[in-house]
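Okay, work-v8.tsv is below, TSV, all heavy atoms:
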chain	number	residue	atom	x	y	z
A	1	MET	N	350.53	295.30	-65.90
A	1	MET	CA	350.06	296.06	-67.02
A	1	MET	C	348.55	296.12	-66.97
A	1	MET	O	347.88	295.10	-66.90
A	1	MET	CB	350.53	295.38	-68.30
A	1	MET	CG	350.23	296.15	-69.51
A	1	MET	SD	351.48	295.66	-70.65
A	1	MET	CE	350.75	295.40	-72.09
A	2	SER	N	348.02	297.30	-66.99
A	2	SER	CA	346.59	297.52	-66.87
A	2	SER	C	345.97	297.67	-68.26
A	2	SER	O	346.52	298.37	-69.11
A	2	SER	CB	346.33	298.79	-66.05
A	2	SER	OG	344.96	299.07	-66.05
A	3	GLN	N	344.84	297.01	-68.47
A	3	GLN	CA	344.15	297.13	-69.75
A	3	GLN	C	342.91	297.97	-69.57
A	3	GLN	O	342.17	297.81	-68.61
A	3	GLN	CB	343.74	295.76	-70.29
A	3	GLN	CG	344.88	294.93	-70.74
A	3	GLN	CD	344.37	293.63	-71.33
A	3	GLN	OE1	343.24	293.22	-71.07
A	3	GLN	NE2	345.20	292.96	-72.11
A	4	LYS	N	342.71	298.88	-70.50
A	4	LYS	CA	341.49	299.68	-70.49
A	4	LYS	C	340.46	298.97	-71.36
A	4	LYS	O	340.78	298.46	-72.42
A	4	LYS	CB	341.74	301.08	-71.06
A	4	LYS	CG	342.64	301.92	-70.19
A	4	LYS	CD	342.79	303.29	-70.79
A	4	LYS	CE	343.70	304.15	-69.93
A	4	LYS	NZ	343.91	305.47	-70.52
A	5	SER	N	339.23	298.95	-70.88
A	5	SER	CA	338.20	298.33	-71.70
A	5	SER	C	337.81	299.30	-72.80
A	5	SER	O	337.63	300.50	-72.56
A	5	SER	CB	336.97	297.96	-70.86
A	5	SER	OG	336.38	299.13	-70.36
A	6	SER	N	337.75	298.80	-73.99
A	6	SER	CA	337.38	299.67	-75.09
A	6	SER	C	335.87	299.58	-75.30
A	6	SER	O	335.29	298.50	-75.27
A	6	SER	CB	338.10	299.28	-76.38
A	6	SER	OG	337.70	297.99	-76.78
A	7	THR	N	335.25	300.73	-75.43
A	7	THR	CA	333.80	300.75	-75.67
A	7	THR	C	333.56	301.37	-77.03
A	7	THR	O	334.24	302.31	-77.42
A	7	THR	CB	333.06	301.56	-74.59
A	7	THR	OG1	333.60	302.88	-74.56
A	7	THR	CG2	333.20	300.92	-73.23
A	8	LEU	N	332.62	300.84	-77.70
A	8	LEU	CA	332.26	301.32	-79.03
A	8	LEU	C	331.13	302.31	-78.88
A	8	LEU	O	330.08	301.99	-78.32
A	8	LEU	CB	331.82	300.14	-79.91
A	8	LEU	CG	331.38	300.49	-81.32
A	8	LEU	CD1	332.53	301.12	-82.09
A	8	LEU	CD2	330.91	299.24	-82.03
A	9	THR	N	331.33	303.52	-79.33
A	9	THR	CA	330.29	304.54	-79.25
A	9	THR	C	329.63	304.64	-80.62
A	9	THR	O	330.30	304.87	-81.62
A	9	THR	CB	330.89	305.91	-78.87
A	9	THR	OG1	331.56	305.77	-77.64
A	9	THR	CG2	329.81	306.95	-78.76
A	10	VAL	N	328.32	304.44	-80.64
A	10	VAL	CA	327.57	304.50	-81.87
A	10	VAL	C	326.65	305.70	-81.79
A	10	VAL	O	325.89	305.84	-80.85
A	10	VAL	CB	326.75	303.21	-82.10
A	10	VAL	CG1	325.93	303.31	-83.37
A	10	VAL	CG2	327.67	302.01	-82.13
A	11	ARG	N	326.72	306.55	-82.76
A	11	ARG	CA	325.84	307.71	-82.80
A	11	ARG	C	324.59	307.37	-83.58
A	11	ARG	O	324.66	306.85	-84.68
A	11	ARG	CB	326.55	308.90	-83.43
A	11	ARG	CG	327.76	309.31	-82.64
A	11	ARG	CD	327.92	310.78	-82.72
A	11	ARG	NE	329.04	311.19	-81.91
A	11	ARG	CZ	328.92	311.93	-80.83
A	11	ARG	NH1	327.75	312.34	-80.45
A	11	ARG	NH2	329.97	312.27	-80.15
A	12	VAL	N	323.45	307.65	-82.99
A	12	VAL	CA	322.16	307.37	-83.62
A	12	VAL	C	321.52	308.71	-83.95
A	12	VAL	O	321.50	309.61	-83.10
A	12	VAL	CB	321.25	306.58	-82.65
A	12	VAL	CG1	319.90	306.32	-83.26
A	12	VAL	CG2	321.93	305.29	-82.25
A	13	PRO	N	321.00	308.86	-85.18
A	13	PRO	CA	320.33	310.12	-85.51
A	13	PRO	C	319.19	310.41	-84.54
A	13	PRO	O	318.51	309.49	-84.07
A	13	PRO	CB	319.78	309.87	-86.92
A	13	PRO	CG	320.58	308.73	-87.46
A	13	PRO	CD	321.00	307.91	-86.26
A	14	ALA	N	319.00	311.69	-84.22
A	14	ALA	CA	317.98	312.09	-83.25
A	14	ALA	C	316.59	311.60	-83.64
A	14	ALA	O	315.80	311.20	-82.78
A	14	ALA	CB	317.99	313.60	-83.08
A	15	GLU	N	316.27	311.63	-84.93
A	15	GLU	CA	314.95	311.18	-85.38
A	15	GLU	C	314.73	309.72	-85.02
A	15	GLU	O	313.68	309.34	-84.52
A	15	GLU	CB	314.81	311.34	-86.89
A	15	GLU	CG	314.45	312.73	-87.33
A	15	GLU	CD	314.25	312.79	-88.84
A	15	GLU	OE1	313.91	311.76	-89.45
A	15	GLU	OE2	314.43	313.88	-89.39
A	16	LYS	N	315.70	308.90	-85.29
A	16	LYS	CA	315.56	307.47	-85.00
A	16	LYS	C	315.48	307.23	-83.51
A	16	LYS	O	314.67	306.43	-83.05
A	16	LYS	CB	316.74	306.68	-85.59
A	16	LYS	CG	316.63	305.19	-85.30
A	16	LYS	CD	317.58	304.39	-86.13
A	16	LYS	CE	317.58	302.92	-85.84
A	16	LYS	NZ	316.53	302.33	-85.12
A	17	LEU	N	316.28	307.95	-82.75
A	17	LEU	CA	316.25	307.80	-81.31
A	17	LEU	C	314.88	308.17	-80.76
A	17	LEU	O	314.30	307.45	-79.95
A	17	LEU	CB	317.33	308.66	-80.66
A	17	LEU	CG	317.45	308.56	-79.15
A	17	LEU	CD1	317.81	307.13	-78.74
A	17	LEU	CD2	318.51	309.52	-78.65
A	18	GLY	N	314.32	309.29	-81.22
A	18	GLY	CA	312.98	309.71	-80.79
A	18	GLY	C	311.93	308.68	-81.15
A	18	GLY	O	311.05	308.36	-80.36
A	19	HIS	N	312.02	308.15	-82.37
A	19	HIS	CA	311.06	307.14	-82.82
A	19	HIS	C	311.16	305.89	-81.95
A	19	HIS	O	310.14	305.33	-81.53
A	19	HIS	CB	311.33	306.79	-84.28
A	19	HIS	CG	310.49	305.66	-84.79
A	19	HIS	ND1	309.17	305.82	-85.09
A	19	HIS	CD2	310.78	304.37	-85.03
A	19	HIS	CE1	308.68	304.66	-85.51
A	19	HIS	NE2	309.65	303.76	-85.48
A	20	ASP	N	312.38	305.47	-81.67
A	20	ASP	CA	312.57	304.27	-80.85
A	20	ASP	C	312.03	304.46	-79.44
A	20	ASP	O	311.44	303.55	-78.87
A	20	ASP	CB	314.05	303.90	-80.80
A	20	ASP	CG	314.57	303.41	-82.14
A	20	ASP	OD1	313.75	303.11	-83.02
A	20	ASP	OD2	315.81	303.33	-82.30
A	21	ILE	N	312.22	305.65	-78.88
A	21	ILE	CA	311.72	305.92	-77.53
A	21	ILE	C	310.20	305.91	-77.52
A	21	ILE	O	309.58	305.31	-76.65
A	21	ILE	CB	312.26	307.26	-77.01
A	21	ILE	CG1	313.76	307.15	-76.75
A	21	ILE	CG2	311.51	307.71	-75.74
A	21	ILE	CD1	314.44	308.46	-76.45
A	22	ARG	N	309.58	306.57	-78.50
A	22	ARG	CA	308.11	306.59	-78.57
A	22	ARG	C	307.58	305.18	-78.76
A	22	ARG	O	306.58	304.80	-78.16
A	22	ARG	CB	307.64	307.50	-79.69
A	22	ARG	CG	307.71	308.96	-79.35
A	22	ARG	CD	307.01	309.80	-80.39
A	22	ARG	NE	307.56	309.65	-81.73
A	22	ARG	CZ	308.62	310.30	-82.20
A	22	ARG	NH1	309.26	311.15	-81.44
A	22	ARG	NH2	309.03	310.11	-83.43
A	23	ARG	N	308.21	304.41	-79.59
A	23	ARG	CA	307.75	303.05	-79.85
A	23	ARG	C	307.86	302.18	-78.59
A	23	ARG	O	306.97	301.41	-78.28
A	23	ARG	CB	308.57	302.44	-80.98
A	23	ARG	CG	308.05	301.11	-81.41
A	23	ARG	CD	308.71	300.65	-82.67
A	23	ARG	NE	308.07	299.43	-83.10
A	23	ARG	CZ	308.58	298.61	-83.97
A	23	ARG	NH1	309.73	298.89	-84.55
A	23	ARG	NH2	307.96	297.52	-84.30
A	24	ALA	N	308.96	302.33	-77.87
A	24	ALA	CA	309.15	301.55	-76.65
A	24	ALA	C	308.16	301.96	-75.57
A	24	ALA	O	307.77	301.15	-74.74
A	24	ALA	CB	310.58	301.71	-76.15
A	25	ALA	N	307.75	303.22	-75.60
A	25	ALA	CA	306.84	303.72	-74.57
A	25	ALA	C	305.39	303.38	-74.88
A	25	ALA	O	304.55	303.44	-73.99
A	25	ALA	CB	306.99	305.23	-74.43
A	26	SER	N	305.10	303.03	-76.12
A	26	SER	CA	303.70	302.73	-76.45
A	26	SER	C	303.28	301.43	-75.78
A	26	SER	O	304.07	300.53	-75.56
A	26	SER	CB	303.51	302.62	-77.96
A	26	SER	OG	304.20	301.50	-78.46
A	27	LYS	N	302.02	301.36	-75.45
A	27	LYS	CA	301.51	300.20	-74.73
A	27	LYS	C	301.02	299.15	-75.72
A	27	LYS	O	300.40	299.47	-76.72
A	27	LYS	CB	300.39	300.60	-73.79
A	27	LYS	CG	300.84	301.52	-72.71
A	27	LYS	CD	299.72	301.88	-71.79
A	27	LYS	CE	300.23	302.82	-70.72
A	27	LYS	NZ	299.21	303.20	-69.78
A	28	HIS	N	301.30	297.93	-75.41
A	28	HIS	CA	300.85	296.82	-76.23
A	28	HIS	C	299.79	296.06	-75.43
A	28	HIS	O	300.09	295.49	-74.39
A	28	HIS	CB	302.01	295.90	-76.59
A	28	HIS	CG	303.07	296.61	-77.35
A	28	HIS	ND1	302.97	296.88	-78.69
A	28	HIS	CD2	304.24	297.14	-76.96
A	28	HIS	CE1	304.04	297.53	-79.10
A	28	HIS	NE2	304.83	297.70	-78.06
A	29	HIS	N	298.56	296.11	-75.93
A	29	HIS	CA	297.46	295.46	-75.23
A	29	HIS	C	297.13	294.13	-75.89
A	29	HIS	O	297.16	294.01	-77.11
A	29	HIS	CB	296.20	296.34	-75.26
A	29	HIS	CG	296.37	297.64	-74.55
A	29	HIS	ND1	296.42	297.75	-73.18
A	29	HIS	CD2	296.50	298.91	-75.02
A	29	HIS	CE1	296.57	299.01	-72.85
A	29	HIS	NE2	296.64	299.74	-73.94
A	30	SER	N	296.79	293.16	-75.08
A	30	SER	CA	296.36	291.87	-75.62
A	30	SER	C	294.96	292.03	-76.21
A	30	SER	O	294.27	293.02	-75.96
A	30	SER	CB	296.34	290.82	-74.51
A	30	SER	OG	295.30	291.10	-73.60
A	31	ALA	N	294.52	291.04	-76.95
A	31	ALA	CA	293.18	291.07	-77.54
A	31	ALA	C	292.13	291.16	-76.44
A	31	ALA	O	291.13	291.89	-76.58
A	31	ALA	CB	292.96	289.83	-78.40
A	32	GLU	N	292.34	290.47	-75.34
A	32	GLU	CA	291.39	290.51	-74.23
A	32	GLU	C	291.30	291.92	-73.64
A	32	GLU	O	290.21	292.40	-73.32
A	32	GLU	CB	291.78	289.52	-73.14
A	32	GLU	CG	291.60	288.08	-73.56
A	32	GLU	CD	292.09	287.12	-72.51
A	32	GLU	OE1	292.71	287.56	-71.51
A	32	GLU	OE2	291.87	285.90	-72.69
A	33	ASP	N	292.45	292.57	-73.49
A	33	ASP	CA	292.45	293.93	-72.96
A	33	ASP	C	291.71	294.89	-73.90
A	33	ASP	O	290.98	295.77	-73.45
A	33	ASP	CB	293.88	294.44	-72.76
A	33	ASP	CG	294.57	293.77	-71.58
A	33	ASP	OD1	293.86	293.24	-70.71
A	33	ASP	OD2	295.81	293.79	-71.55
A	34	LYS	N	291.89	294.71	-75.20
A	34	LYS	CA	291.22	295.58	-76.17
A	34	LYS	C	289.70	295.42	-76.09
A	34	LYS	O	288.97	296.40	-76.10
A	34	LYS	CB	291.71	295.28	-77.59
A	34	LYS	CG	293.15	295.71	-77.80
A	34	LYS	CD	293.63	295.31	-79.16
A	34	LYS	CE	295.10	295.63	-79.34
A	34	LYS	NZ	295.60	295.22	-80.65
A	35	VAL	N	289.25	294.19	-75.97
A	35	VAL	CA	287.80	293.93	-75.85
A	35	VAL	C	287.28	294.55	-74.57
A	35	VAL	O	286.22	295.20	-74.55
A	35	VAL	CB	287.51	292.41	-75.89
A	35	VAL	CG1	286.07	292.12	-75.52
A	35	VAL	CG2	287.83	291.86	-77.27
A	36	ARG	N	288.01	294.39	-73.49
A	36	ARG	CA	287.60	294.95	-72.19
A	36	ARG	C	287.49	296.47	-72.28
A	36	ARG	O	286.53	297.06	-71.78
A	36	ARG	CB	288.61	294.55	-71.12
A	36	ARG	CG	288.17	294.86	-69.71
A	36	ARG	CD	289.12	294.32	-68.66
A	36	ARG	NE	289.33	292.89	-68.77
A	36	ARG	CZ	290.50	292.30	-69.07
A	36	ARG	NH1	291.56	293.03	-69.26
A	36	ARG	NH2	290.59	291.00	-69.15
A	37	ILE	N	288.45	297.13	-72.93
A	37	ILE	CA	288.43	298.58	-73.08
A	37	ILE	C	287.22	299.02	-73.88
A	37	ILE	O	286.52	299.97	-73.51
A	37	ILE	CB	289.74	299.07	-73.74
A	37	ILE	CG1	290.92	298.86	-72.78
A	37	ILE	CG2	289.64	300.53	-74.15
A	37	ILE	CD1	292.28	299.00	-73.42
A	38	VAL	N	286.93	298.34	-74.96
A	38	VAL	CA	285.78	298.69	-75.79
A	38	VAL	C	284.49	298.51	-75.01
A	38	VAL	O	283.60	299.37	-75.05
A	38	VAL	CB	285.75	297.83	-77.09
A	38	VAL	CG1	284.44	297.99	-77.83
A	38	VAL	CG2	286.93	298.22	-77.98
A	39	LEU	N	284.36	297.43	-74.27
A	39	LEU	CA	283.13	297.20	-73.49
A	39	LEU	C	282.94	298.27	-72.42
A	39	LEU	O	281.81	298.73	-72.20
A	39	LEU	CB	283.17	295.81	-72.85
A	39	LEU	CG	283.02	294.64	-73.82
A	39	LEU	CD1	283.21	293.32	-73.09
A	39	LEU	CD2	281.68	294.68	-74.52
A	40	VAL	N	284.00	298.69	-71.78
A	40	VAL	CA	283.89	299.75	-70.77
A	40	VAL	C	283.39	301.03	-71.43
A	40	VAL	O	282.50	301.71	-70.91
A	40	VAL	CB	285.25	299.98	-70.08
A	40	VAL	CG1	285.25	301.28	-69.29
A	40	VAL	CG2	285.59	298.81	-69.18
A	41	GLU	N	283.92	301.38	-72.59
A	41	GLU	CA	283.50	302.60	-73.28
A	41	GLU	C	282.05	302.50	-73.74
A	41	GLU	O	281.31	303.48	-73.66
A	41	GLU	CB	284.42	302.89	-74.47
A	41	GLU	CG	285.83	303.28	-74.05
A	41	GLU	CD	285.85	304.51	-73.16
A	41	GLU	OE1	285.11	305.48	-73.41
A	41	GLU	OE2	286.62	304.51	-72.18
A	42	LEU	N	281.64	301.34	-74.21
A	42	LEU	CA	280.24	301.17	-74.64
A	42	LEU	C	279.30	301.32	-73.46
A	42	LEU	O	278.22	301.93	-73.58
A	42	LEU	CB	280.04	299.81	-75.32
A	42	LEU	CG	280.66	299.69	-76.71
A	42	LEU	CD1	280.55	298.24	-77.20
A	42	LEU	CD2	280.01	300.63	-77.68
A	43	ARG	N	279.68	300.80	-72.31
A	43	ARG	CA	278.85	300.93	-71.12
A	43	ARG	C	278.73	302.39	-70.71
A	43	ARG	O	277.67	302.84	-70.28
A	43	ARG	CB	279.40	300.11	-69.97
A	43	ARG	CG	279.20	298.63	-70.17
A	43	ARG	CD	279.71	297.82	-68.98
A	43	ARG	NE	279.69	296.41	-69.30
A	43	ARG	CZ	280.70	295.58	-69.10
A	43	ARG	NH1	281.83	296.01	-68.56
A	43	ARG	NH2	280.61	294.31	-69.44
A	44	ARG	N	279.82	303.13	-70.83
A	44	ARG	CA	279.79	304.56	-70.50
A	44	ARG	C	278.82	305.30	-71.41
A	44	ARG	O	278.08	306.17	-70.97
A	44	ARG	CB	281.18	305.18	-70.65
A	44	ARG	CG	282.08	304.94	-69.52
A	44	ARG	CD	283.32	305.76	-69.66
A	44	ARG	NE	284.35	305.29	-68.75
A	44	ARG	CZ	285.61	305.63	-68.80
A	44	ARG	NH1	286.03	306.43	-69.75
A	44	ARG	NH2	286.45	305.18	-67.93
A	45	GLU	N	278.86	304.97	-72.71
A	45	GLU	CA	277.96	305.63	-73.67
A	45	GLU	C	276.51	305.33	-73.33
A	45	GLU	O	275.64	306.19	-73.41
A	45	GLU	CB	278.27	305.19	-75.10
A	45	GLU	CG	279.55	305.80	-75.64
A	45	GLU	CD	279.82	305.37	-77.07
A	45	GLU	OE1	278.92	304.79	-77.71
A	45	GLU	OE2	280.94	305.63	-77.54
A	46	GLU	N	276.20	304.07	-72.97
A	46	GLU	CA	274.84	303.68	-72.64
A	46	GLU	C	274.33	304.40	-71.40
A	46	GLU	O	273.18	304.80	-71.32
A	46	GLU	CB	274.74	302.17	-72.42
A	46	GLU	CG	274.80	301.37	-73.69
A	46	GLU	CD	274.72	299.88	-73.43
A	46	GLU	OE1	274.65	299.46	-72.25
A	46	GLU	OE2	274.73	299.13	-74.41
A	47	SER	N	275.21	304.59	-70.43
A	47	SER	CA	274.78	305.22	-69.18
A	47	SER	C	274.75	306.75	-69.31
A	47	SER	O	274.23	307.43	-68.44
A	47	SER	CB	275.69	304.83	-68.03
A	47	SER	OG	276.99	305.35	-68.21
A	48	GLY	N	275.34	307.28	-70.39
A	48	GLY	CA	275.30	308.72	-70.62
A	48	GLY	C	276.40	309.50	-69.94
A	48	GLY	O	276.40	310.71	-69.93
A	49	THR	N	277.37	308.82	-69.38
A	49	THR	CA	278.50	309.53	-68.76
A	49	THR	C	279.67	309.55	-69.74
A	49	THR	O	279.87	308.63	-70.51
A	49	THR	CB	278.97	308.85	-67.46
A	49	THR	OG1	279.36	307.51	-67.75
A	49	THR	CG2	277.89	308.90	-66.42
A	50	SER	N	280.41	310.63	-69.69
A	50	SER	CA	281.57	310.73	-70.60
A	50	SER	C	282.84	310.87	-69.85
A	50	SER	O	282.99	311.53	-68.92
A	50	SER	CB	281.40	311.93	-71.52
A	50	SER	OG	280.30	311.74	-72.34

Can you give me the file's structure in the form of structure tokens?
Amino acid sequence: MSQKSSTLTVRVPAEKLGHDIRRAASKHHSAEDKVRIVLVELRREESGTS
């Protein structure tokens, strides 16, 4: 006797799915990375390059 595995299908509203995808794709930077990014931008401003 063969048993079929039952899978539960859950429908998620498109809005929530889109929000979850965008949230998962966003980058999470550590405090050190944020400071490094700011310092790089400040150096660019001082040197006059954009």

As an exercise, work out the distance from CA of Glu41 (chain A) to CA of His29 (chain A) in Å and give it to one decimal place.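 About the pair CA of Glu41 (chain A) and CA of His29 (chain A): they are 15.8 Å apart.
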
For atom O of Glu45 (chain A) and atom O of His28 (chain A), quote the distance in Å rounded to one decimal.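 Atom O of Glu45 (chain A) sits 26.7 Å away from atom O of His28 (chain A).
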
Output as number ranges by chain all residues of chain A that backbone DSSP marks as alpha helix (DSSP H). A: 14-25, 31-47
